[in-house]
$ cat coords_13.txt   # compact mmCIF, C-alpha atoms
# COMPACT_ATOMS: atom_id res chain seq x y z
CA MET A 20 11.25 10.23 20.90
CA LYS A 21 11.52 10.86 17.18
CA ASN A 22 8.95 9.24 14.89
CA PRO A 23 10.83 6.61 12.82
CA LEU A 24 8.51 7.33 9.87
CA ASP A 25 10.03 10.82 9.56
CA SER A 26 13.08 9.24 7.92
CA LEU A 27 13.19 6.84 4.98
CA THR A 28 15.69 4.62 6.78
CA GLY A 29 13.41 4.39 9.81
CA THR A 30 10.46 3.59 7.56
CA ILE A 31 12.30 0.74 5.85
CA VAL A 32 13.67 -0.66 9.14
CA CYS A 33 10.12 -0.65 10.59
CA GLY A 34 8.81 -2.37 7.46
CA VAL A 35 11.43 -5.13 7.63
CA ALA A 36 10.84 -5.59 11.38
CA LEU A 37 7.07 -5.83 10.83
CA THR A 38 7.63 -8.38 8.04
CA ILE A 39 9.68 -10.59 10.39
CA ILE A 40 7.14 -10.30 13.23
CA LEU A 41 4.18 -11.09 10.95
CA TYR A 42 6.08 -14.01 9.41
CA PHE A 43 6.35 -15.68 12.82
CA VAL A 44 2.73 -14.83 13.66
CA VAL A 45 1.52 -16.49 10.43
CA LYS A 46 3.85 -19.44 11.01
CA ALA A 47 2.39 -19.93 14.49
CA LEU A 48 -1.18 -19.73 13.13
CA SER A 49 -0.54 -22.15 10.25
CA PRO A 50 -0.88 -25.86 11.04
CA VAL A 51 2.11 -27.91 9.87
CA GLY A 52 1.60 -29.26 6.34
CA ALA A 53 -1.52 -27.20 5.67
CA MET B 29 -12.62 -19.88 -13.64
CA ASP B 30 -9.01 -20.27 -14.78
CA TRP B 31 -9.40 -17.39 -17.25
CA VAL B 32 -11.04 -15.16 -14.66
CA GLY B 33 -8.29 -15.93 -12.15
CA GLY B 34 -5.54 -15.38 -14.71
CA LEU B 35 -6.98 -12.07 -15.91
CA ALA B 36 -7.57 -10.91 -12.32
CA ARG B 37 -3.95 -11.74 -11.45
CA TRP B 38 -2.71 -9.90 -14.57
CA PHE B 39 -4.70 -6.72 -13.82
CA HIS B 40 -3.85 -7.04 -10.10
CA TYR B 41 -0.15 -6.87 -11.06
CA ILE B 42 -0.61 -3.96 -13.52
CA ALA B 43 -2.68 -1.86 -11.10
CA GLY B 44 -0.46 -2.86 -8.15
CA ILE B 45 2.71 -1.78 -9.94
CA ALA B 46 1.08 1.58 -10.77
CA TRP B 47 -0.06 2.01 -7.13
CA ILE B 48 3.10 1.01 -5.31
CA GLY B 49 5.28 2.57 -8.02
CA LEU B 50 3.60 5.94 -7.43
CA LEU B 51 3.78 5.42 -3.64
CA TYR B 52 7.55 4.92 -3.93
CA TYR B 53 7.78 7.89 -6.34
CA PHE B 54 6.05 10.12 -3.77
CA ASN B 55 8.19 8.90 -0.86
CA PHE B 56 11.60 8.41 -2.49
CA VAL B 57 11.52 11.13 -5.20
CA GLN B 58 8.81 13.80 -4.94
CA VAL B 59 9.12 14.67 -1.22
CA GLN B 60 12.87 15.25 -1.59
CA GLY B 61 12.43 16.98 -4.96
CA LEU B 62 9.83 19.38 -3.57
CA ALA B 63 12.01 20.16 -0.55
CA ALA B 64 14.91 21.00 -2.88
CA ALA B 65 12.66 23.09 -5.15
CA ASN B 66 11.20 25.00 -2.19
CA LYS B 67 14.73 25.68 -0.90
CA ALA B 68 15.85 26.93 -4.32
CA ALA B 69 12.74 29.16 -4.52
CA ASP B 70 13.08 29.35 -8.31
CA GLY B 71 9.46 28.50 -9.10
CA GLY B 72 10.23 24.85 -9.75
CA ALA B 73 7.99 23.64 -6.92
CA ALA B 74 4.93 25.10 -8.64
CA GLY B 75 5.57 22.90 -11.66
CA ILE B 76 5.42 19.80 -9.50
CA THR B 77 2.42 20.79 -7.39
CA LYS B 78 0.42 22.20 -10.31
CA TYR B 79 1.13 19.75 -13.14
CA ILE B 80 2.66 16.54 -11.77
CA ALA B 81 1.20 15.83 -8.31
CA PRO B 82 -2.53 16.17 -9.19
CA ARG B 83 -2.20 13.76 -12.14
CA ALA B 84 -0.10 11.36 -10.09
CA LEU B 85 -2.66 11.42 -7.26
CA GLN B 86 -5.56 10.61 -9.56
CA LEU B 87 -3.76 7.58 -10.96
CA PHE B 88 -2.55 6.65 -7.46
CA ARG B 89 -6.09 6.48 -6.03
CA GLY B 90 -7.56 4.75 -9.08
CA ALA B 91 -4.78 2.17 -9.16
CA ALA B 92 -5.19 1.48 -5.43
CA ILE B 93 -8.92 0.80 -5.83
CA ALA B 94 -8.38 -1.34 -8.95
CA THR B 95 -5.63 -3.34 -7.23
CA TRP B 96 -7.91 -4.16 -4.29
CA ILE B 97 -10.87 -5.16 -6.50
CA MET B 98 -8.70 -7.38 -8.72
CA GLY B 99 -7.13 -8.92 -5.59
CA ALA B 100 -10.57 -9.72 -4.19
CA ILE B 101 -11.59 -11.38 -7.48
CA LEU B 102 -8.33 -13.34 -7.48
CA LEU B 103 -8.96 -14.52 -3.90
CA TRP B 104 -12.46 -15.62 -4.90
CA THR B 105 -11.03 -17.71 -7.75
CA LEU B 106 -8.65 -19.35 -5.25
CA SER B 107 -11.62 -20.77 -3.33
CA SER B 108 -11.59 -24.51 -2.68
CA SER B 109 -14.56 -26.88 -2.63
CA THR B 110 -14.94 -26.26 1.11
CA GLN B 111 -13.60 -22.73 1.62
CA ASN B 112 -14.43 -19.32 0.13
CA GLY B 113 -11.09 -17.65 -0.66
CA ILE B 114 -12.16 -14.13 0.35
CA VAL B 115 -13.81 -15.13 3.64
CA SER B 116 -11.03 -17.58 4.58
CA ALA B 117 -8.29 -15.03 3.80
CA PHE B 118 -9.84 -12.20 5.81
CA THR B 119 -10.56 -14.53 8.74
CA LEU B 120 -6.97 -15.85 8.54
CA GLN B 121 -8.01 -19.49 8.15
CA ALA B 122 -5.40 -21.99 6.94
CA PRO B 123 -4.22 -22.36 4.22
CA TYR B 124 -5.15 -18.73 3.50
CA THR B 125 -3.49 -17.25 6.62
CA GLY B 126 -0.46 -15.78 4.83
CA ILE B 127 -2.33 -14.32 1.89
CA GLY B 128 -4.96 -13.13 4.39
CA VAL B 129 -2.36 -11.03 6.22
CA GLY B 130 -1.31 -9.62 2.83
CA ALA B 131 -4.94 -8.87 2.02
CA TRP B 132 -5.48 -7.10 5.37
CA LEU B 133 -2.33 -5.01 4.89
CA GLY B 134 -3.47 -4.08 1.37
CA THR B 135 -6.91 -3.15 2.72
CA ILE B 136 -5.41 -0.92 5.44
CA MET B 137 -3.24 0.70 2.76
CA LEU B 138 -6.29 1.32 0.55
CA PHE B 139 -8.05 2.94 3.52
CA ASN B 140 -5.03 5.21 4.03
CA VAL B 141 -5.09 6.22 0.35
CA VAL B 142 -8.82 6.92 0.07
CA VAL B 143 -9.50 8.39 3.53
CA LEU B 144 -6.21 10.01 4.59
CA ILE B 145 -3.78 10.64 1.72
CA TYR B 146 -6.00 11.70 -1.21
CA PRO B 147 -8.38 14.13 0.58
CA ASN B 148 -5.54 15.78 2.50
CA GLN B 149 -3.38 16.10 -0.62
CA MET B 150 -6.33 17.83 -2.33
CA LYS B 151 -6.17 20.47 0.44
CA ILE B 152 -2.37 20.76 0.26
CA LEU B 153 -2.42 21.26 -3.51
CA GLY B 154 -5.18 23.87 -3.26
CA ILE B 155 -7.68 21.84 -5.26
CA VAL B 156 -9.96 21.78 -2.21
CA PRO B 157 -10.12 25.13 -0.33
CA ALA B 158 -8.34 25.13 3.05
CA THR B 159 -6.80 27.64 5.46
CA ASP B 160 -3.05 27.67 6.09
CA GLU B 161 -3.64 25.95 9.44
CA GLN B 162 -5.76 23.23 7.80
CA LYS B 163 -3.11 22.80 5.12
CA ALA B 164 -0.35 22.37 7.72
CA LYS B 165 -2.41 19.73 9.52
CA ALA B 166 -3.28 18.01 6.22
CA ARG B 167 0.41 17.96 5.22
CA ARG B 168 1.41 16.07 8.38
CA ILE B 169 -1.49 13.58 8.14
CA ALA B 170 -0.87 12.86 4.44
CA PHE B 171 2.89 12.52 5.01
CA LEU B 172 2.53 10.05 7.90
CA ALA B 173 -0.16 8.03 6.10
CA SER B 174 2.06 7.84 3.02
CA ARG B 175 5.08 6.77 5.09
CA THR B 176 2.90 4.22 6.91
CA ASN B 177 1.91 2.76 3.54
CA THR B 178 5.56 2.63 2.45
CA MET B 179 6.34 0.71 5.66
CA LEU B 180 3.34 -1.62 5.24
CA SER B 181 4.22 -2.27 1.58
CA LEU B 182 7.21 -4.39 2.66
CA PRO B 183 5.28 -7.05 4.62
CA MET B 184 2.31 -6.71 2.22
CA LEU B 185 4.47 -7.62 -0.79
CA PHE B 186 6.19 -10.40 1.18
CA PHE B 187 2.84 -12.03 1.92
CA MET B 188 1.62 -11.47 -1.64
CA ALA B 189 4.71 -13.32 -2.88
CA PHE B 190 4.91 -16.06 -0.24
CA GLY B 191 1.48 -16.08 1.41
CA PHE B 192 -0.26 -18.66 -0.75
CA SER B 193 1.20 -20.27 -3.86
CA HIS B 194 4.82 -20.17 -2.61
CA LYS B 195 4.18 -20.52 1.13
CA ASN B 196 6.07 -23.80 1.39
CA VAL B 197 9.24 -22.03 0.17
CA VAL B 198 9.41 -20.05 3.42
CA GLY B 199 7.88 -22.74 5.63
CA LEU B 200 4.44 -21.19 6.09

$ encode --input "coords_13.txt" --output "structure tokens"
Amino acid sequence: MKNPLDSLTGTIVCGVALTIILYFVVKALSPVGA
Amino acid sequence: MDWVGGLARWFHYIAGIAWIGLLYYFNFVQVQGLAAANKAADGGAAGITKYIAPRALQLFRGAAIATWIMGAILLWTLSSSTQNGIVSAFTLQAPYTGIGVGAWLGTIMLFNVVVLIYPNQMKILGIVPATDEQKAKARRIAFLASRTNTMLSLPMLFFMAFGFSHKNVVGL
């Protein structure tokens, strides 16, 4: 399998995907109204 | 405290723009430019590796360190009466969870710059002596660490923008 970081497109797609994943992780860790 | 926080934020922005600006220059401009220059074999690559890249790397590392230090001071000034901003951010305690993720990503990126990218680039550019085999290995490590930082910069900047003062905008 090719390393996605070898292409700029793959790098950006991974970055956006990681942003979305971390957003939901932080949302789950943050109490409502904190 | 307001002045310290304001100045820390100002210098955090200046150093951060220099750091991430150079990171994007390396990844979106220099890598492709060097590949084209090497293909042309007209001596153009030497100009980049001898005169541009070493200067850019010095500023890159210095800006990365300055960005992190200013960010840490800024976090400290965001402390509340019951919570230390730095400790609460790095332990992901609410309401510092979002900015804490940004701080961790920035810290990982700083590690990549200081430990992986800079020393290996010194070998690639011939500033630090290395065999051809060591240079080939250094080239791959520095390239992947730089691409990793480009990838991490997207969530890092998201959590810098929305992780604390604007967290309600995105429901965090």

$ residues_around --input "coords_13.txt" --residues "B:Ala43" --least-positions-apart "3" --cutoff "9 Å" --atoms "all atoms listed in the file" --output "list in words"
Trp38, Phe39, His40, Ala46, Trp47, Ile48, Gly90, Ala91, Ala92, Ile93, Ala94, Thr95, Trp96 and Met98 of chain B

$ interface_residues --input "coords_13.txt" --of "chain A" --to "chain B" --cutoff "7 Å" --atoms "all atoms listed in the file" --output "compact mmCIF listing (two decimals) with C-alpha atoms, in the coordinates of the input"
# COMPACT_ATOMS: atom_id res chain seq x y z
CA LEU A 24 8.51 7.33 9.87
CA THR A 30 10.46 3.59 7.56
CA ILE A 31 12.30 0.74 5.85
CA CYS A 33 10.12 -0.65 10.59
CA GLY A 34 8.81 -2.37 7.46
CA VAL A 35 11.43 -5.13 7.63
CA LEU A 37 7.07 -5.83 10.83
CA THR A 38 7.63 -8.38 8.04
CA VAL A 45 1.52 -16.49 10.43
CA LYS A 46 3.85 -19.44 11.01
CA SER A 49 -0.54 -22.15 10.25
CA ALA A 53 -1.52 -27.20 5.67

$ closest_residue --input "coords_13.txt" --among "B:Ile101, B:Ala170, B:Ile114, B:Ala131" --to "B:Pro147" --atoms "only C-alpha atoms"
B:Ala170

$ atom_distance --input "coords_13.txt" --atom1 "atom CA of B:Ser193" --atom2 "atom CA of B:Trp104"
14.5 Å

$ residues_around --input "coords_13.txt" --residues "B:Lys151" --least-positions-apart "5" --cutoff "9 Å" --atoms "only C-alpha atoms" --output "PyMOL selection string"
chain B and resi 146+156-159+162-163+166-167

$ atom_distance --input "coords_13.txt" --atom1 "atom CA of B:Leu85" --atom2 "atom CA of B:Val57"
14.3 Å

$ atom_distance --input "coords_13.txt" --atom1 "atom CA of B:Gly72" --atom2 "atom CA of B:Gln58"
12.1 Å

$ decode --input "coords_13.txt" --residues "chain A" --atoms "C-alpha atoms" --output "CSV table (one decimal), in the first residue's frame"
chain,number,residue,atom,x,y,z
A,20,MET,CA,0.0,0.0,0.0
A,21,LYS,CA,1.3,3.4,-1.0
A,22,ASN,CA,2.1,5.9,1.8
A,23,PRO,CA,-0.5,8.7,1.5
A,24,LEU,CA,2.1,11.2,2.7
A,25,ASP,CA,4.1,10.7,-0.5
A,26,SER,CA,1.5,12.9,-2.3
A,27,LEU,CA,0.3,16.3,-1.4
A,28,THR,CA,-3.3,15.3,-2.1
A,29,GLY,CA,-3.0,12.4,0.3
A,30,THR,CA,-1.4,14.6,2.9
A,31,ILE,CA,-4.2,17.1,2.8
A,32,VAL,CA,-6.9,14.4,2.8
A,33,CYS,CA,-5.3,12.8,5.9
A,34,GLY,CA,-5.1,16.2,7.6
A,35,VAL,CA,-8.8,16.9,7.0
A,36,ALA,CA,-9.8,13.4,8.1
A,37,LEU,CA,-7.7,13.8,11.3
A,38,THR,CA,-9.3,17.2,12.0
A,39,ILE,CA,-12.8,15.7,11.7
A,40,ILE,CA,-11.9,12.7,14.0
A,41,LEU,CA,-10.2,14.9,16.6
A,42,TYR,CA,-13.2,17.3,16.5
A,43,PHE,CA,-15.5,14.5,17.6
A,44,VAL,CA,-13.0,13.3,20.2
A,45,VAL,CA,-12.8,16.7,21.8
A,46,LYS,CA,-16.6,17.1,21.5
A,47,ALA,CA,-17.1,13.8,23.4
A,48,LEU,CA,-14.6,14.9,26.1
A,49,SER,CA,-16.1,18.3,26.6
A,50,PRO,CA,-19.0,18.6,29.0
A,51,VAL,CA,-22.0,20.4,27.5
A,52,GLY,CA,-21.9,24.1,28.3
A,53,ALA,CA,-18.3,24.0,29.7
